[in-house]
$ cat protein_26.csv   # CSV, C-alpha atoms
chain,number,residue,atom,x,y,z
A,117,MET,CA,129.4,122.3,77.9
A,118,VAL,CA,127.5,119.2,76.8
A,119,TRP,CA,127.9,117.7,80.3
A,120,VAL,CA,126.6,120.9,81.9
A,121,ILE,CA,123.5,120.9,79.7
A,122,LEU,CA,122.9,117.2,80.4
A,123,ASP,CA,123.3,117.9,84.2
A,124,MET,CA,120.8,120.7,84.0
A,125,ASN,CA,118.3,118.6,82.2
A,126,ARG,CA,118.8,115.8,84.8
A,127,LYS,CA,118.1,118.2,87.6
A,128,LYS,CA,114.9,119.4,85.9
A,129,MET,CA,113.7,115.9,85.4
A,130,ASN,CA,114.0,115.3,89.1
A,131,ARG,CA,111.8,118.3,89.9
A,132,LYS,CA,108.1,118.2,90.3
A,133,LYS,CA,106.1,119.8,87.4
A,134,ILE,CA,103.0,121.6,88.5
A,135,ILE,CA,100.3,123.2,86.4
A,136,ALA,CA,97.9,125.2,88.6
A,137,GLY,CA,94.8,127.1,87.5
A,138,ASN,CA,93.9,130.2,89.5
A,139,TRP,CA,90.3,131.0,88.8
A,140,LYS,CA,90.4,134.3,90.8
A,141,MET,CA,87.0,135.8,91.4
A,142,ASN,CA,85.2,133.7,88.7
A,143,LYS,CA,82.7,130.8,88.6
A,144,VAL,CA,79.8,130.1,90.9
A,145,ILE,CA,79.3,126.6,92.2
A,146,GLU,CA,77.3,125.3,89.3
A,147,GLU,CA,79.9,126.6,86.8
A,148,SER,CA,82.7,125.2,89.0
A,149,LEU,CA,81.2,121.7,89.0
A,150,SER,CA,80.6,121.7,85.3
A,151,PHE,CA,84.2,122.7,84.7
A,152,ILE,CA,85.7,120.2,87.1
A,153,ASN,CA,83.7,117.3,85.7
A,154,GLU,CA,84.9,118.1,82.2
A,155,LEU,CA,88.5,118.5,83.4
A,156,LYS,CA,88.5,115.2,85.3
A,157,GLU,CA,87.6,113.2,82.2
A,158,ALA,CA,90.0,115.0,80.0
A,159,VAL,CA,93.1,114.5,82.2
A,160,ARG,CA,92.4,111.0,83.3
A,161,GLY,CA,95.5,108.9,82.7
A,162,ILE,CA,97.9,111.8,82.4
A,163,ASN,CA,101.2,110.5,83.7
A,164,ASP,CA,102.3,111.0,87.3
A,165,ASN,CA,105.2,113.3,86.6
A,166,ILE,CA,102.9,116.4,86.6
A,167,GLU,CA,100.6,117.7,89.3
A,168,ILE,CA,97.4,119.3,88.3
A,169,VAL,CA,96.0,121.9,90.7
A,170,VAL,CA,92.9,124.0,90.6
A,171,SER,CA,92.2,127.1,92.8
A,172,PRO,CA,88.5,127.9,92.9
A,173,PRO,CA,87.0,130.8,94.9
A,174,PHE,CA,86.4,129.9,98.6
A,175,THR,CA,82.7,129.3,98.0
A,176,ALA,CA,83.4,126.4,95.7
A,177,LEU,CA,86.2,124.7,97.6
A,178,SER,CA,84.1,122.1,99.4
A,179,VAL,CA,82.0,120.9,96.4
A,180,ILE,CA,85.1,120.8,94.2
A,181,ASN,CA,87.0,118.8,96.9
A,182,ASP,CA,84.1,116.3,96.8
A,183,ALA,CA,84.1,116.2,93.0
A,184,ILE,CA,87.9,115.6,92.6
A,185,LYS,CA,88.1,112.7,95.1
A,186,GLY,CA,89.8,109.7,93.4
A,187,SER,CA,91.1,111.9,90.5
A,188,ASN,CA,94.6,113.2,89.8
A,189,ILE,CA,93.6,116.8,90.5
A,190,LEU,CA,94.6,118.7,93.7
A,191,LEU,CA,92.9,121.7,95.4
A,192,ALA,CA,94.4,125.1,96.3
A,193,GLY,CA,93.1,128.1,98.2
A,194,GLN,CA,93.6,131.6,96.7
A,195,ASP,CA,94.7,133.2,100.0
A,196,VAL,CA,94.8,132.8,103.7
A,197,PHE,CA,95.0,134.7,107.0
A,198,TRP,CA,97.9,134.2,109.3
A,199,GLU,CA,96.0,133.1,112.4
A,200,ASP,CA,94.4,129.7,112.9
A,201,LYS,CA,91.2,131.2,114.4
A,202,GLY,CA,89.9,134.4,116.0
A,203,ALA,CA,88.0,137.6,115.5
A,204,TYR,CA,89.0,138.3,111.9
A,205,THR,CA,85.8,139.0,110.1
A,206,GLY,CA,85.9,137.9,106.4
A,207,GLU,CA,89.1,136.0,106.6
A,208,ILE,CA,89.8,132.3,106.2
A,209,SER,CA,92.3,130.3,108.2
A,210,PRO,CA,94.8,127.6,107.3
A,211,MET,CA,92.8,125.2,109.4
A,212,MET,CA,89.7,125.9,107.3
A,213,LEU,CA,91.6,125.4,104.1
A,214,LYS,CA,93.0,122.1,105.3
A,215,ASP,CA,89.6,121.0,106.6
A,216,VAL,CA,88.1,121.6,103.1
A,217,GLY,CA,90.7,119.5,101.4
A,218,CYS,CA,93.3,122.0,100.1
A,219,LYS,CA,96.9,120.8,99.6
A,220,TYR,CA,98.2,124.1,98.3
A,221,THR,CA,97.5,127.8,98.9
A,222,ILE,CA,98.5,130.7,96.6
A,223,ILE,CA,100.2,133.5,98.6
A,224,GLY,CA,101.4,137.0,97.5
A,225,HIS,CA,99.7,137.2,94.1
A,226,SER,CA,100.3,140.6,92.6
A,227,GLU,CA,96.5,141.3,92.6
A,228,ARG,CA,96.6,140.8,96.4
A,229,ARG,CA,99.6,143.0,96.7
A,230,GLN,CA,97.9,145.7,94.5
A,231,TYR,CA,94.4,145.7,95.8
A,232,CYS,CA,94.6,144.3,99.3
A,233,ASN,CA,97.9,146.0,100.5
A,234,GLU,CA,99.7,142.7,100.7
A,235,THR,CA,103.3,143.2,101.7
A,236,ASN,CA,106.4,140.9,101.9
A,237,GLU,CA,105.9,140.8,105.7
A,238,THR,CA,102.3,139.7,105.5
A,239,VAL,CA,103.3,137.1,102.8
A,240,ASN,CA,105.9,135.8,105.3
A,241,LYS,CA,103.4,135.5,108.1
A,242,LYS,CA,100.9,133.7,105.9
A,243,ILE,CA,103.5,131.2,104.6
A,244,LYS,CA,104.5,130.4,108.2
A,245,ALA,CA,100.9,129.9,109.1
A,246,LEU,CA,100.3,127.5,106.2
A,247,LEU,CA,103.5,125.5,106.9
A,248,ARG,CA,102.5,125.3,110.6
A,249,ASN,CA,99.3,123.6,109.4
A,250,ASP,CA,101.1,121.2,107.0
A,251,LEU,CA,99.9,122.9,103.9
A,252,SER,CA,102.0,123.6,100.8
A,253,VAL,CA,102.6,127.1,99.5
A,254,ILE,CA,102.7,128.7,96.1
A,255,ILE,CA,104.4,132.1,96.6
A,256,CYS,CA,104.1,134.6,93.8
A,257,VAL,CA,106.8,137.1,93.0
A,258,GLY,CA,107.3,139.5,90.2
A,259,GLU,CA,108.0,143.0,89.1
A,260,THR,CA,105.9,145.8,87.6
A,261,ILE,CA,106.6,147.3,84.2
A,262,GLU,CA,107.9,150.4,85.9
A,263,GLU,CA,110.3,148.4,88.0
A,264,ARG,CA,111.5,146.5,84.9
A,265,GLU,CA,112.1,149.6,82.9
A,266,ASP,CA,114.0,151.1,85.9
A,267,LYS,CA,116.2,148.0,85.9
A,268,ARG,CA,115.0,147.1,89.4
A,269,THR,CA,113.7,143.6,88.5
A,270,PHE,CA,116.4,141.6,90.3
A,271,SER,CA,116.3,143.8,93.4
A,272,VAL,CA,112.5,143.7,93.7
A,273,VAL,CA,112.1,140.0,93.1
A,274,GLY,CA,115.2,139.2,95.3
A,275,ARG,CA,113.6,141.2,98.1
A,276,GLN,CA,110.3,139.5,97.7
A,277,ILE,CA,112.0,136.1,97.9
A,278,ARG,CA,114.2,137.0,100.9
A,279,ASP,CA,111.5,138.7,102.9
A,280,GLY,CA,108.8,136.2,102.0
A,281,LEU,CA,110.9,133.2,103.0
A,282,LYS,CA,112.6,134.8,106.0
A,283,GLY,CA,112.8,132.4,109.0
A,284,LEU,CA,112.0,129.3,107.1
A,285,THR,CA,114.0,126.1,107.5
A,286,GLN,CA,115.3,123.7,104.9
A,287,LYS,CA,112.6,121.3,105.9
A,288,ASP,CA,109.9,124.0,105.4
A,289,MET,CA,111.2,124.6,101.9
A,290,GLU,CA,110.1,121.1,100.9
A,291,LYS,CA,106.5,122.4,100.9
A,292,VAL,CA,107.3,125.7,99.0
A,293,VAL,CA,106.7,126.3,95.3
A,294,ILE,CA,107.6,129.7,93.7
A,295,ALA,CA,105.7,131.3,90.9
A,296,TYR,CA,107.4,134.0,89.0
A,297,GLU,CA,104.7,136.2,87.6
A,298,PRO,CA,105.9,139.5,86.0
A,299,VAL,CA,103.0,141.9,86.9
A,300,TRP,CA,103.1,143.4,83.4
A,301,ALA,CA,102.3,140.1,81.9
A,302,ILE,CA,99.3,139.1,84.1
A,303,GLY,CA,96.0,139.4,82.1
A,304,THR,CA,97.6,141.7,79.5
A,305,GLY,CA,98.2,139.2,76.7
A,306,LYS,CA,101.9,140.0,77.0
A,307,THR,CA,104.3,137.4,78.2
A,308,ALA,CA,107.9,137.3,79.0
A,309,THR,CA,109.9,135.5,76.3
A,310,PRO,CA,111.0,132.1,77.3
A,311,SER,CA,114.6,133.3,77.7
A,312,GLN,CA,113.5,136.3,79.9
A,313,ALA,CA,111.4,134.0,82.1
A,314,ASN,CA,114.2,131.4,82.3
A,315,GLU,CA,116.7,134.2,83.3
A,316,MET,CA,114.5,135.2,86.2
A,317,HIS,CA,113.9,131.6,87.3
A,318,LEU,CA,117.7,131.0,87.4
A,319,PHE,CA,118.0,134.2,89.5
A,320,ILE,CA,115.4,132.9,91.9
A,321,ARG,CA,117.1,129.5,92.1
A,322,ASP,CA,120.4,131.2,92.8
A,323,THR,CA,118.7,133.3,95.5
A,324,ILE,CA,117.3,130.2,97.1
A,325,LYS,CA,120.8,128.7,97.0
A,326,GLU,CA,122.2,131.7,98.9
A,327,MET,CA,119.5,131.5,101.5
A,328,PHE,CA,119.5,127.7,102.0
A,329,GLU,CA,121.7,125.3,100.0
A,330,ASP,CA,122.2,123.9,96.5
A,331,LYS,CA,120.0,120.8,97.2
A,332,ILE,CA,117.0,123.0,98.0
A,333,ALA,CA,117.6,125.3,95.1
A,334,SER,CA,118.0,122.4,92.7
A,335,SER,CA,114.8,120.6,93.8
A,336,ILE,CA,112.4,123.5,94.3
A,337,THR,CA,109.6,123.8,91.7
A,338,ILE,CA,109.5,127.3,90.1
A,339,GLN,CA,106.5,128.0,87.9
A,340,TYR,CA,106.0,130.8,85.4
A,341,GLY,CA,102.8,132.8,85.3
A,342,GLY,CA,101.6,135.7,83.1
A,343,SER,CA,99.4,135.1,80.0
A,344,VAL,CA,100.3,131.5,79.8
A,345,THR,CA,98.3,129.9,76.9
A,346,PRO,CA,98.2,126.6,74.9
A,347,LEU,CA,100.3,128.4,72.3
A,348,ASN,CA,103.3,129.3,74.5
A,349,ILE,CA,103.4,126.6,77.2
A,350,THR,CA,105.6,124.1,75.3
A,351,GLU,CA,108.2,126.7,74.5
A,352,LEU,CA,108.2,127.9,78.1
A,353,MET,CA,108.6,124.3,79.4
A,354,LEU,CA,111.6,123.6,77.2
A,355,GLU,CA,113.6,126.1,79.2
A,356,SER,CA,115.9,124.5,81.8
A,357,GLU,CA,114.6,126.3,84.9
A,358,ILE,CA,110.8,126.4,84.3
A,359,ASP,CA,109.0,123.7,86.0
A,360,GLY,CA,105.3,124.5,85.4
A,361,ALA,CA,102.8,127.3,85.2
A,362,LEU,CA,100.4,129.2,87.3
A,363,VAL,CA,97.6,129.9,84.8
A,364,GLY,CA,95.0,132.7,85.1
A,365,GLY,CA,92.5,133.4,82.3
A,366,ALA,CA,93.4,130.4,80.2
A,367,SER,CA,92.5,128.1,83.2
A,368,LEU,CA,88.8,129.2,83.1
A,369,ASP,CA,88.1,127.2,80.0
A,370,ALA,CA,88.5,123.4,80.5
A,371,GLY,CA,89.6,122.8,77.0
A,372,SER,CA,92.3,125.5,77.1
A,373,PHE,CA,93.5,124.3,80.5
A,374,VAL,CA,93.8,120.7,79.3
A,375,GLN,CA,95.9,121.8,76.3
A,376,ILE,CA,98.2,123.7,78.6
A,377,ILE,CA,98.5,120.6,80.8
A,378,ARG,CA,99.3,118.4,77.8
A,379,GLY,CA,101.7,120.9,76.5
A,380,ALA,CA,103.7,120.7,79.7
A,381,VAL,CA,103.9,116.9,80.0
$ encode --input "protein_26.csv" --output "structure tokens"
Amino acid sequence: MVWVILDMNRKKMNRKKIIAGNWKMNKVIEESLSFINELKEAVRGINDNIEIVVSPPFTALSVINDAIKGSNILLAGQDVFWEDKGAYTGEISPMMLKDVGCKYTIIGHSERRQYCNETNETVNKKIKALLRNDLSVIICVGETIEEREDKRTFSVVGRQIRDGLKGLTQKDMEKVVIAYEPVWAIGTGKTATPSQANEMHLFIRDTIKEMFEDKIASSITIQYGGSVTPLNITELMLESEIDGALVGGASLDAGSFVQIIRGAV
């Protein structure tokens, strides 16, 4: 048993830790710049075993990219369309996100699924478009409170994983991060207990192993999202399968976000 625990910890140490802040539909350009300048100073010198990612609204991506040059902060888009160009009014392409400096893009967030009719199939198309353009992906999965109460959590999340990653290669998976975000915990102040979150992360890792192989499953970064705060980040990160966090509301305040980052190191 001791050997198993040590082996699990060794595998976790070899995985990339990522703390990403999803600003959603918040912050105009002036507010974005003020935030990022404060964040840059606060995280300067944080060790290299953690990636810090911010995901501003599309309108602020360019100025934030300029502001973070030379820092240890990376840029992410909040969504993408699945074509590189064309007559798709109001959409943004993978080429545009890459051009503006994004390394990551968040795909399949529950709010996109709820308000914008995002499906597992469109998530899959968007992931493939990003990978085609050499961009990394943070794919969000998670169940509603009704699905959890109906004991459908594993079937729902398993389907989101299998359909979302359908047709990807093992090489593709090197640029994929998964964020488990129980819908009932997003913006509600509720959060899965560390053991509940870890159980789902282990299930996701097992699903990846079934689809690909153990090496991919052992190395993929799986974040937790859903009312992550400075008060619960350390306890979450102590779990064997949790490799970081996708932070919503608490990422809008630089001081709070810095505490979460430091709590994850």
$ closest_residue --input "protein_26.csv" --among "A:Ile145, A:Cys256, A:Ile302, A:Ile349" --to "Ile320 of chain A" --atoms "all atoms listed in the file"
A:Cys256
$ atom_distance --input "protein_26.csv" --atom1 "atom CA of Gly283 of chain A" --atom2 "atom CA of Glu297 of chain A"
23.2 Å
$ closest_residue --input "protein_26.csv" --among "A:Ala295, A:Ile358, A:Ala176, A:Ile324" --to "Gly342 of chain A" --atoms "all atoms listed in the file"
A:Ala295
$ residues_around --input "protein_26.csv" --residues "Glu146 of chain A" --least-positions-apart "3" --cutoff "12 Å" --atoms "only C-alpha atoms" --output "list of chain:residue names"
A:Asn142, A:Lys143, A:Leu149, A:Ser150, A:Phe151, A:Ile152, A:Asn153, A:Thr175, A:Ala176, A:Val179, A:Ile180, A:Ala183
$ atom_distance --input "protein_26.csv" --atom1 "atom CA of Glu237 of chain A" --atom2 "atom CA of Met141 of chain A"
24.2 Å
$ residues_near_point --input "protein_26.csv" --point "(93.6, 141.3, 82.3)" --cutoff "12 Å" --atoms "all atoms listed in the file" --output "PyMOL selection string"
chain A and resi 140+227+299-306+342-343+364-366
$ write_last_selection --input "protein_26.csv" --atoms "C-alpha atoms" --output "PDB file, keeping the file's coordinate frame"
ATOM      1  CA  LYS A 140      90.400 134.300  90.800  1.00  0.00           C
ATOM      2  CA  GLU A 227      96.500 141.300  92.600  1.00  0.00           C
ATOM      3  CA  VAL A 299     103.000 141.900  86.900  1.00  0.00           C
ATOM      4  CA  TRP A 300     103.100 143.400  83.400  1.00  0.00           C
ATOM      5  CA  ALA A 301     102.300 140.100  81.900  1.00  0.00           C
ATOM      6  CA  ILE A 302      99.300 139.100  84.100  1.00  0.00           C
ATOM      7  CA  GLY A 303      96.000 139.400  82.100  1.00  0.00           C
ATOM      8  CA  THR A 304      97.600 141.700  79.500  1.00  0.00           C
ATOM      9  CA  GLY A 305      98.200 139.200  76.700  1.00  0.00           C
ATOM     10  CA  LYS A 306     101.900 140.000  77.000  1.00  0.00           C
ATOM     11  CA  GLY A 342     101.600 135.700  83.100  1.00  0.00           C
ATOM     12  CA  SER A 343      99.400 135.100  80.000  1.00  0.00           C
ATOM     13  CA  GLY A 364      95.000 132.700  85.100  1.00  0.00           C
ATOM     14  CA  GLY A 365      92.500 133.400  82.300  1.00  0.00           C
ATOM     15  CA  ALA A 366      93.400 130.400  80.200  1.00  0.00           C
TER      16      ALA A 366
END
$ closest_residue --input "protein_26.csv" --among "A:Ile189, A:Val216, A:Ala203, A:Ala136" --to "Val159 of chain A" --atoms "all atoms listed in the file"
A:Ile189
$ residues_around --input "protein_26.csv" --residues "Arg131 of chain A" --least-positions-apart "3" --cutoff "10 Å" --atoms "only C-alpha atoms" --output "MDAnalysis selection string"
chainID A and resid 126:128 134 165:166 334:338 357:359
$ atom_distance --input "protein_26.csv" --atom1 "atom CA of Lys282 of chain A" --atom2 "atom CA of Gly224 of chain A"
14.2 Å
$ closest_residue --input "protein_26.csv" --among "A:Asp250, A:Glu207, A:Asp330, A:Asp369" --to "Thr345 of chain A" --atoms "all atoms listed in the file"
A:Asp369
$ closest_residue --input "protein_26.csv" --among "A:Arg275, A:Lys133, A:Lys241, A:Arg228" --to "Met327 of chain A" --atoms "only C-alpha atoms"
A:Arg275
$ residues_around --input "protein_26.csv" --residues "Asn188 of chain A" --least-positions-apart "2" --cutoff "9 Å" --atoms "all atoms listed in the file" --output "PDB file with C-alpha atoms, in the coordinates of the input"
ATOM      1  CA  LYS A 156      88.500 115.200  85.300  1.00  0.00           C
ATOM      2  CA  VAL A 159      93.100 114.500  82.200  1.00  0.00           C
ATOM      3  CA  ARG A 160      92.400 111.000  83.300  1.00  0.00           C
ATOM      4  CA  GLY A 161      95.500 108.900  82.700  1.00  0.00           C
ATOM      5  CA  ILE A 162      97.900 111.800  82.400  1.00  0.00           C
ATOM      6  CA  ASP A 164     102.300 111.000  87.300  1.00  0.00           C
ATOM      7  CA  GLU A 167     100.600 117.700  89.300  1.00  0.00           C
ATOM      8  CA  ILE A 168      97.400 119.300  88.300  1.00  0.00           C
ATOM      9  CA  VAL A 169      96.000 121.900  90.700  1.00  0.00           C
ATOM     10  CA  ILE A 184      87.900 115.600  92.600  1.00  0.00           C
ATOM     11  CA  LYS A 185      88.100 112.700  95.100  1.00  0.00           C
ATOM     12  CA  GLY A 186      89.800 109.700  93.400  1.00  0.00           C
ATOM     13  CA  LEU A 190      94.600 118.700  93.700  1.00  0.00           C
TER      14      LEU A 190
END
$ closest_residue --input "protein_26.csv" --among "A:Val144, A:Ile332, A:Leu281, A:Val344" --to "Asn236 of chain A" --atoms "all atoms listed in the file"
A:Leu281
$ residues_around --input "protein_26.csv" --residues "Ala313 of chain A" --least-positions-apart "2" --cutoff "9 Å" --atoms "all atoms listed in the file" --output "list in words"
Tyr296, Glu297, Pro298, Thr307, Ala308, Thr309, Pro310, Ser311, Glu315, Met316, His317, Leu318, Tyr340, Leu352, Glu355, Glu357 and Ile358 of chain A
$ decode --input "protein_26.csv" --residues "segment 147-233 of chain A" --atoms "C-alpha atoms" --output "mmCIF file, in the first residue's frame"
data_model
loop_
_atom_site.group_PDB
_atom_site.id
_atom_site.type_symbol
_atom_site.label_atom_id
_atom_site.label_comp_id
_atom_site.auth_asym_id
_atom_site.auth_seq_id
_atom_site.Cartn_x
_atom_site.Cartn_y
_atom_site.Cartn_z
ATOM 1 C CA GLU A 147 -9.719 46.935 -15.960
ATOM 2 C CA SER A 148 -7.947 44.047 -17.673
ATOM 3 C CA LEU A 149 -4.655 45.936 -17.860
ATOM 4 C CA SER A 150 -4.867 47.050 -14.242
ATOM 5 C CA PHE A 151 -5.467 43.451 -13.164
ATOM 6 C CA ILE A 152 -2.684 41.939 -15.252
ATOM 7 C CA ASN A 153 -0.099 44.486 -14.127
ATOM 8 C CA GLU A 154 -0.883 43.679 -10.495
ATOM 9 C CA LEU A 155 -0.795 39.945 -11.204
ATOM 10 C CA LYS A 156 2.557 40.089 -13.024
ATOM 11 C CA GLU A 157 4.289 41.639 -10.064
ATOM 12 C CA ALA A 158 2.679 39.294 -7.557
ATOM 13 C CA VAL A 159 3.612 36.053 -9.351
ATOM 14 C CA ARG A 160 7.094 37.050 -10.438
ATOM 15 C CA GLY A 161 9.513 34.314 -9.376
ATOM 16 C CA ILE A 162 6.913 31.610 -8.737
ATOM 17 C CA ASN A 163 8.636 28.346 -9.616
ATOM 18 C CA ASP A 164 8.395 26.708 -13.013
ATOM 19 C CA ASN A 165 6.377 23.668 -11.940
ATOM 20 C CA ILE A 166 3.100 25.545 -12.342
ATOM 21 C CA GLU A 167 1.565 27.268 -15.348
ATOM 22 C CA ILE A 168 -0.441 30.435 -14.770
ATOM 23 C CA VAL A 169 -3.093 31.108 -17.417
ATOM 24 C CA VAL A 170 -5.565 33.968 -17.832
ATOM 25 C CA SER A 171 -8.572 33.928 -20.127
ATOM 26 C CA PRO A 172 -9.864 37.470 -20.734
ATOM 27 C CA PRO A 173 -12.777 38.378 -23.017
ATOM 28 C CA PHE A 174 -11.882 38.501 -26.716
ATOM 29 C CA THR A 175 -11.753 42.328 -26.715
ATOM 30 C CA ALA A 176 -8.828 42.329 -24.270
ATOM 31 C CA LEU A 177 -6.742 39.474 -25.698
ATOM 32 C CA SER A 178 -4.404 41.635 -27.781
ATOM 33 C CA VAL A 179 -3.543 44.167 -25.088
ATOM 34 C CA ILE A 180 -3.142 41.446 -22.460
ATOM 35 C CA ASN A 181 -0.828 39.513 -24.766
ATOM 36 C CA ASP A 182 1.363 42.610 -25.079
ATOM 37 C CA ALA A 183 1.273 43.148 -21.324
ATOM 38 C CA ILE A 184 2.352 39.622 -20.361
ATOM 39 C CA LYS A 185 5.313 39.354 -22.725
ATOM 40 C CA GLY A 186 8.395 38.300 -20.777
ATOM 41 C CA SER A 187 6.318 37.145 -17.804
ATOM 42 C CA ASN A 188 5.363 33.677 -16.556
ATOM 43 C CA ILE A 189 1.685 34.170 -17.522
ATOM 44 C CA LEU A 190 0.042 32.473 -20.520
ATOM 45 C CA LEU A 191 -3.027 33.512 -22.504
ATOM 46 C CA ALA A 192 -6.210 31.562 -23.273
ATOM 47 C CA GLY A 193 -9.306 32.188 -25.350
ATOM 48 C CA GLN A 194 -12.742 31.487 -23.890
ATOM 49 C CA ASP A 195 -14.170 29.759 -26.969
ATOM 50 C CA VAL A 196 -13.555 29.248 -30.700
ATOM 51 C CA PHE A 197 -15.349 28.350 -33.923
ATOM 52 C CA TRP A 198 -14.410 25.161 -35.772
ATOM 53 C CA GLU A 199 -13.456 26.748 -39.101
ATOM 54 C CA ASP A 200 -10.279 28.722 -39.798
ATOM 55 C CA LYS A 201 -12.077 31.455 -41.752
ATOM 56 C CA GLY A 202 -15.337 32.147 -43.553
ATOM 57 C CA ALA A 203 -18.799 33.702 -43.393
ATOM 58 C CA TYR A 204 -19.477 33.069 -39.693
ATOM 59 C CA THR A 205 -20.565 36.429 -38.324
ATOM 60 C CA GLY A 206 -19.616 37.008 -34.706
ATOM 61 C CA GLU A 207 -17.326 33.995 -34.418
ATOM 62 C CA ILE A 208 -13.587 33.815 -33.791
ATOM 63 C CA SER A 209 -11.276 31.304 -35.449
ATOM 64 C CA PRO A 210 -8.321 29.282 -34.138
ATOM 65 C CA MET A 211 -6.045 31.249 -36.479
ATOM 66 C CA MET A 212 -7.207 34.510 -34.859
ATOM 67 C CA LEU A 213 -6.588 33.200 -31.354
ATOM 68 C CA LYS A 214 -3.120 32.006 -32.307
ATOM 69 C CA ASP A 215 -2.389 35.313 -34.024
ATOM 70 C CA VAL A 216 -3.255 37.246 -30.874
ATOM 71 C CA GLY A 217 -0.956 35.121 -28.704
ATOM 72 C CA CYS A 218 -3.160 32.456 -27.143
ATOM 73 C CA LYS A 219 -1.587 29.184 -26.077
ATOM 74 C CA TYR A 220 -4.792 27.650 -24.689
ATOM 75 C CA THR A 221 -8.512 27.836 -25.417
ATOM 76 C CA ILE A 222 -11.328 26.784 -23.095
ATOM 77 C CA ILE A 223 -13.870 24.536 -24.823
ATOM 78 C CA GLY A 224 -17.211 23.118 -23.670
ATOM 79 C CA HIS A 225 -17.714 25.217 -20.544
ATOM 80 C CA SER A 226 -21.089 24.442 -18.981
ATOM 81 C CA GLU A 227 -22.249 28.008 -19.599
ATOM 82 C CA ARG A 228 -21.561 27.532 -23.314
ATOM 83 C CA ARG A 229 -23.436 24.245 -23.211
ATOM 84 C CA GLN A 230 -26.352 25.847 -21.341
ATOM 85 C CA TYR A 231 -26.741 29.203 -23.073
ATOM 86 C CA CYS A 232 -25.226 28.605 -26.514
ATOM 87 C CA ASN A 233 -26.427 25.070 -27.264
#
